[in-house]
Each structure stands twice: as structure tokens, then as C-alpha cells.
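What follows is one structure encoded as C-alpha cells, with my remarks underneath.
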Amino acid sequence: MATSHEIKCINKSDRYNIHERILSIGGINHNGTHWKLALAAAIKGIEDGEWTFYVNDNHGRKVNVIISKTIMGNKYLKTEADTTERNNLLELPECK
């Protein structure tokens, strides 16, 4: 069964293409330690059923993070459609 993890930070490239924008994601484990995954590892973990990810929106609601594909077939992460036009994932702070 997949374990659920909140994404609290990301590392972005200087690219504008959505599938090249996020390099890694990160968060905090239940024991207070920090975790960080490369984008490819996060996508593989979702596909393998190992992990699910979410972000909290400005109203404290969980928004699921899903895999999407560009028309060229490149995979990237995005949040499920919600009631805001803000990009919940790309607006997260940079991971250290």
C-alpha cells in the first residue's frame, strides 16, 4: 500500500517547459527528518504504488499530486484540478 507524503518544497530548473521545470521535491518525515527525491524517482514511486504525494493549498485542503504527460510523452508532476488557478506545486519554496 502506498504511503502518502506532503510535498513542502521543490527545486526548479531555469526552464519554462512544464515537464522540465521541477527537478526534485521534498518534505518532512513523521520523525522530523527531511526527505528529497529527484523528479524521476518520485514519478517511479507513484507508478510503482510506493508513494502518493499531496500539497496543502492556502485553505489547508489537501490537493493530490499526479503524473501528467506532455503531448511528446514526457512525464511531469502537477496537482489535480482544484478551484484555484494558482499552481500549488510550482509556488512551493525551494528545498535546501
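By order in the C-alpha cells, chains are A, B, ...; within a chain, residues start at 1; ligands start at 1, following the order shown.
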Exercise for the section: Identify, on the basis of only C-alpha atoms, every residue whose closest approach to His30 in chain A does not exceed 12 Å; exclude the query and any residue fewer than 6 positions from it along the same chain; express the result as number ranges by chain. Expected result: A: 3-6
Could you save the residues just selected, with C-alpha atoms, as a JSON list (two decimals), in the first residue's frame?
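Below is the file that was written, result.json:
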[["chain", "number", "residue", "atom", "x", "y", "z"],
["A", 3, "THR", "CA", 2.31, 5.84, 1.77],
["A", 4, "SER", "CA", 1.17, 9.45, 1.48],
["A", 5, "HIS", "CA", 3.64, 12.33, 1.79],
["A", 6, "GLU", "CA", 3.18, 16.08, 1.79]]
Practice task
For Ala41 in chain A, list every protein, DNA or RNA residue within 12 Å, evaluated using only C-alpha atoms, and leave out those in the same chain fewer than 3 positions away; present the list as an MDAnalysis selection string.
Solution key: chainID A and resid 23:26 36:38 44:48 50:51 75:77
Exercise for the section: Can you pull out every residue within 10 Å of Ile28 in chain A, counting only C-alpha atoms, but drop anything in the same chain fewer than 4 positions away, and send it as a ChimeraX atom specification? Expected result: /A:5-9,32-36
What does the file look like for those residues with all heavy atoms, as a tab-separated table (two decimals), in the first residue's frame?
chain	number	residue	atom	x	y	z
A	5	HIS	N	2.65	11.36	1.32
A	5	HIS	CA	3.64	12.33	1.79
A	5	HIS	C	3.30	13.72	1.29
A	5	HIS	O	2.98	13.90	0.11
A	5	HIS	CB	5.03	11.94	1.30
A	5	HIS	CG	5.44	10.57	1.73
A	5	HIS	ND1	6.00	10.32	2.95
A	5	HIS	CD2	5.31	9.38	1.11
A	5	HIS	CE1	6.24	9.02	3.05
A	5	HIS	NE2	5.81	8.43	1.96
A	6	GLU	N	3.42	14.70	2.18
A	6	GLU	CA	3.18	16.08	1.79
A	6	GLU	C	4.45	16.68	1.18
A	6	GLU	O	5.53	16.58	1.77
A	6	GLU	CB	2.76	16.92	2.99
A	6	GLU	CG	2.50	18.36	2.63
A	6	GLU	CD	2.12	19.24	3.81
A	6	GLU	OE1	2.10	18.74	4.95
A	6	GLU	OE2	1.84	20.42	3.57
A	7	ILE	N	4.31	17.26	0.02
A	7	ILE	CA	5.42	17.98	-0.60
A	7	ILE	C	5.41	19.39	-0.02
A	7	ILE	O	4.42	20.10	-0.11
A	7	ILE	CB	5.28	18.03	-2.13
A	7	ILE	CG1	5.27	16.61	-2.70
A	7	ILE	CG2	6.42	18.85	-2.74
A	7	ILE	CD1	4.97	16.56	-4.19
A	8	LYS	N	6.54	19.79	0.58
A	8	LYS	CA	6.64	21.10	1.20
A	8	LYS	C	7.59	22.03	0.45
A	8	LYS	O	7.60	23.23	0.71
A	8	LYS	CB	7.08	20.96	2.64
A	8	LYS	CG	6.05	20.21	3.48
A	8	LYS	CD	6.29	20.42	4.91
A	8	LYS	CE	5.30	20.89	5.85
A	8	LYS	NZ	4.34	21.82	5.70
A	9	CYS	N	8.40	21.46	-0.45
A	9	CYS	CA	9.34	22.28	-1.20
A	9	CYS	C	9.68	21.59	-2.50
A	9	CYS	O	9.44	20.39	-2.67
A	9	CYS	CB	10.62	22.54	-0.39
A	9	CYS	SG	11.56	21.04	0.03
A	32	GLY	N	10.48	14.03	11.78
A	32	GLY	CA	11.07	15.37	11.72
A	32	GLY	C	12.25	15.50	10.77
A	32	GLY	O	12.74	16.60	10.54
A	33	THR	N	12.74	14.39	10.22
A	33	THR	CA	13.83	14.48	9.26
A	33	THR	C	13.29	14.91	7.91
A	33	THR	O	12.11	14.74	7.62
A	33	THR	CB	14.57	13.12	9.12
A	33	THR	OG1	13.63	12.13	8.68
A	33	THR	CG2	15.19	12.69	10.44
A	34	HIS	N	14.16	15.46	7.10
A	34	HIS	CA	13.76	15.94	5.78
A	34	HIS	C	14.02	14.87	4.73
A	34	HIS	O	14.96	14.10	4.85
A	34	HIS	CB	14.54	17.21	5.42
A	34	HIS	CG	14.15	18.37	6.28
A	34	HIS	ND1	13.29	19.36	5.86
A	34	HIS	CD2	14.50	18.70	7.55
A	34	HIS	CE1	13.13	20.23	6.83
A	34	HIS	NE2	13.85	19.86	7.86
A	35	TRP	N	13.18	14.84	3.71
A	35	TRP	CA	13.38	13.96	2.57
A	35	TRP	C	13.38	14.78	1.30
A	35	TRP	O	12.82	15.87	1.25
A	35	TRP	CB	12.32	12.85	2.50
A	35	TRP	CG	10.91	13.35	2.36
A	35	TRP	CD1	10.04	13.60	3.39
A	35	TRP	CD2	10.21	13.67	1.15
A	35	TRP	NE1	8.84	14.06	2.88
A	35	TRP	CE2	8.92	14.10	1.51
A	35	TRP	CE3	10.55	13.62	-0.20
A	35	TRP	CZ2	7.98	14.49	0.56
A	35	TRP	CZ3	9.60	14.01	-1.14
A	35	TRP	CH2	8.33	14.43	-0.74
A	36	LYS	N	14.05	14.24	0.29
A	36	LYS	CA	14.12	14.90	-1.01
A	36	LYS	C	14.26	13.82	-2.07
A	36	LYS	O	15.03	12.88	-1.91
A	36	LYS	CB	15.31	15.85	-1.05
A	36	LYS	CG	15.39	16.72	-2.28
A	36	LYS	CD	16.54	17.72	-2.09
A	36	LYS	CE	16.80	18.50	-3.33
A	36	LYS	NZ	17.91	19.45	-3.15
Exercise for the section: May I have all residues of range 13-95 of chain A that DSSP, computed from the backbone, assigns to strand (DSSP E or B), given as a count of residues only? Expected result: 32
Exercise for the section: Within 10 Å of Ile22 in chain A, counting only C-alpha atoms, which residues show up once you throw out same-chain ones fewer than 6 positions away? Write them as number ranges by chain, please. Expected result: A: 10-16, 38-39, 76-78, 89-90
File dump, residues just selected, C-alpha atoms, as an mmCIF file, in the first residue's frame:
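File out08.cif, as written:
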data_model
loop_
_atom_site.group_PDB
_atom_site.id
_atom_site.type_symbol
_atom_site.label_atom_id
_atom_site.label_comp_id
_atom_site.auth_asym_id
_atom_site.auth_seq_id
_atom_site.Cartn_x
_atom_site.Cartn_y
_atom_site.Cartn_z
ATOM 1 C CA ILE A 10 10.643 21.820 -4.723
ATOM 2 C CA ASN A 11 13.770 22.564 -6.698
ATOM 3 C CA LYS A 12 13.170 24.176 -10.076
ATOM 4 C CA SER A 13 15.297 24.468 -13.153
ATOM 5 C CA ASP A 14 15.560 27.666 -15.128
ATOM 6 C CA ARG A 15 13.482 26.120 -17.903
ATOM 7 C CA TYR A 16 9.977 27.227 -18.764
ATOM 8 C CA ALA A 38 14.578 13.586 -7.806
ATOM 9 C CA LEU A 39 11.619 14.013 -10.143
ATOM 10 C CA TYR A 76 5.879 15.572 -15.038
ATOM 11 C CA LEU A 77 4.096 16.193 -11.743
ATOM 12 C CA LYS A 78 1.155 18.505 -11.275
ATOM 13 C CA LEU A 89 3.185 22.835 -6.727
ATOM 14 C CA LEU A 90 5.316 25.417 -8.535
#
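If only C-alpha atoms are the atoms counted, then among A:Asn31, A:Asn87, A:Asn74, A:Thr79 the closest residue to Lys62 in chain A is A:Thr79.
For the set A:Leu92, A:Ala81, A:Val65, A:Ala40, the residue with the smallest atom-to-atom gap to Thr52 in chain A is A:Val65, counting only C-alpha atoms.
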Problem - Every residue of chain A that DSSP places in alpha helix (DSSP H), as an NGL selection string - result: :A and (18-21 or 39-47)
Please save all heavy atoms of the selected residues as a compact mmCIF listing (two decimals), in the first residue's frame.
# COMPACT_ATOMS: atom_id res chain seq x y z
N ILE A 18 6.99 22.96 -18.83
CA ILE A 18 6.43 22.42 -17.60
C ILE A 18 7.03 21.07 -17.22
O ILE A 18 7.23 20.78 -16.06
CB ILE A 18 4.89 22.36 -17.68
CG1 ILE A 18 4.32 22.17 -16.30
CG2 ILE A 18 4.42 21.28 -18.62
CD1 ILE A 18 2.90 22.64 -16.16
N HIS A 19 7.36 20.24 -18.21
CA HIS A 19 7.92 18.93 -17.89
C HIS A 19 9.40 19.00 -17.52
O HIS A 19 9.97 18.02 -17.08
CB HIS A 19 7.68 17.94 -19.04
CG HIS A 19 8.51 18.22 -20.25
ND1 HIS A 19 8.11 19.14 -21.19
CD2 HIS A 19 9.67 17.71 -20.68
CE1 HIS A 19 9.02 19.18 -22.15
NE2 HIS A 19 9.98 18.32 -21.86
N GLU A 20 10.04 20.14 -17.68
CA GLU A 20 11.44 20.31 -17.31
C GLU A 20 11.61 21.25 -16.13
O GLU A 20 12.71 21.50 -15.68
CB GLU A 20 12.23 20.87 -18.50
CG GLU A 20 12.27 19.95 -19.70
CD GLU A 20 12.96 20.59 -20.88
OE1 GLU A 20 12.91 21.83 -21.01
OE2 GLU A 20 13.56 19.85 -21.66
N ARG A 21 10.52 21.76 -15.62
CA ARG A 21 10.57 22.80 -14.60
C ARG A 21 10.98 22.28 -13.22
O ARG A 21 11.83 22.85 -12.56
CB ARG A 21 9.20 23.47 -14.53
CG ARG A 21 9.18 24.70 -13.70
CD ARG A 21 9.68 25.87 -14.51
NE ARG A 21 9.42 27.08 -13.78
CZ ARG A 21 10.33 28.01 -13.57
NH1 ARG A 21 11.52 27.90 -14.05
NH2 ARG A 21 10.04 29.07 -12.88
N LEU A 39 12.90 14.14 -9.45
CA LEU A 39 11.62 14.01 -10.14
C LEU A 39 11.40 12.60 -10.68
O LEU A 39 10.33 12.02 -10.49
CB LEU A 39 11.53 15.03 -11.29
CG LEU A 39 10.26 14.97 -12.12
CD1 LEU A 39 9.04 15.32 -11.27
CD2 LEU A 39 10.37 15.89 -13.32
N ALA A 40 12.41 12.03 -11.32
CA ALA A 40 12.26 10.68 -11.89
C ALA A 40 11.96 9.65 -10.81
O ALA A 40 11.14 8.75 -11.01
CB ALA A 40 13.52 10.30 -12.66
N ALA A 41 12.60 9.76 -9.65
CA ALA A 41 12.36 8.82 -8.55
C ALA A 41 10.94 8.98 -8.00
O ALA A 41 10.28 7.99 -7.67
CB ALA A 41 13.39 9.02 -7.44
N ALA A 42 10.47 10.21 -7.91
CA ALA A 42 9.11 10.46 -7.42
C ALA A 42 8.08 9.86 -8.39
O ALA A 42 7.12 9.21 -7.96
CB ALA A 42 8.88 11.96 -7.24
N ILE A 43 8.28 10.07 -9.67
CA ILE A 43 7.36 9.53 -10.67
C ILE A 43 7.37 8.00 -10.62
O ILE A 43 6.31 7.37 -10.63
CB ILE A 43 7.71 10.06 -12.08
CG1 ILE A 43 7.34 11.54 -12.18
CG2 ILE A 43 7.01 9.25 -13.17
CD1 ILE A 43 7.81 12.24 -13.44
N LYS A 44 8.55 7.40 -10.53
CA LYS A 44 8.64 5.94 -10.46
C LYS A 44 7.94 5.42 -9.20
O LYS A 44 7.22 4.42 -9.25
CB LYS A 44 10.09 5.48 -10.48
CG LYS A 44 10.24 3.97 -10.44
CD LYS A 44 11.67 3.55 -10.66
CE LYS A 44 11.91 2.06 -10.65
NZ LYS A 44 10.89 1.17 -10.24
N GLY A 45 8.12 6.10 -8.06
CA GLY A 45 7.47 5.69 -6.82
C GLY A 45 5.96 5.73 -6.91
O GLY A 45 5.27 4.86 -6.38
N ILE A 46 5.42 6.74 -7.60
CA ILE A 46 3.97 6.82 -7.80
C ILE A 46 3.52 5.68 -8.71
O ILE A 46 2.55 4.98 -8.40
CB ILE A 46 3.58 8.19 -8.41
CG1 ILE A 46 3.85 9.32 -7.42
CG2 ILE A 46 2.11 8.18 -8.83
CD1 ILE A 46 3.75 10.71 -8.03
N GLU A 47 4.22 5.50 -9.81
CA GLU A 47 3.84 4.45 -10.76
C GLU A 47 3.93 3.05 -10.15
O GLU A 47 3.11 2.19 -10.45
CB GLU A 47 4.73 4.52 -12.01
CG GLU A 47 4.46 5.72 -12.86
CD GLU A 47 5.40 5.86 -14.04
OE1 GLU A 47 6.56 5.37 -13.97
OE2 GLU A 47 4.98 6.48 -15.04
Exercise for the section: Tell me, in Å to one decimal, how far CA of Val63 in chain A is from CA of Glu80 in chain A. Expected result: 6.5 Å
Completion exercise
Computed gap from CA of Gly60 in chain A to CA of Asn88 in chain A is 11.7 Å
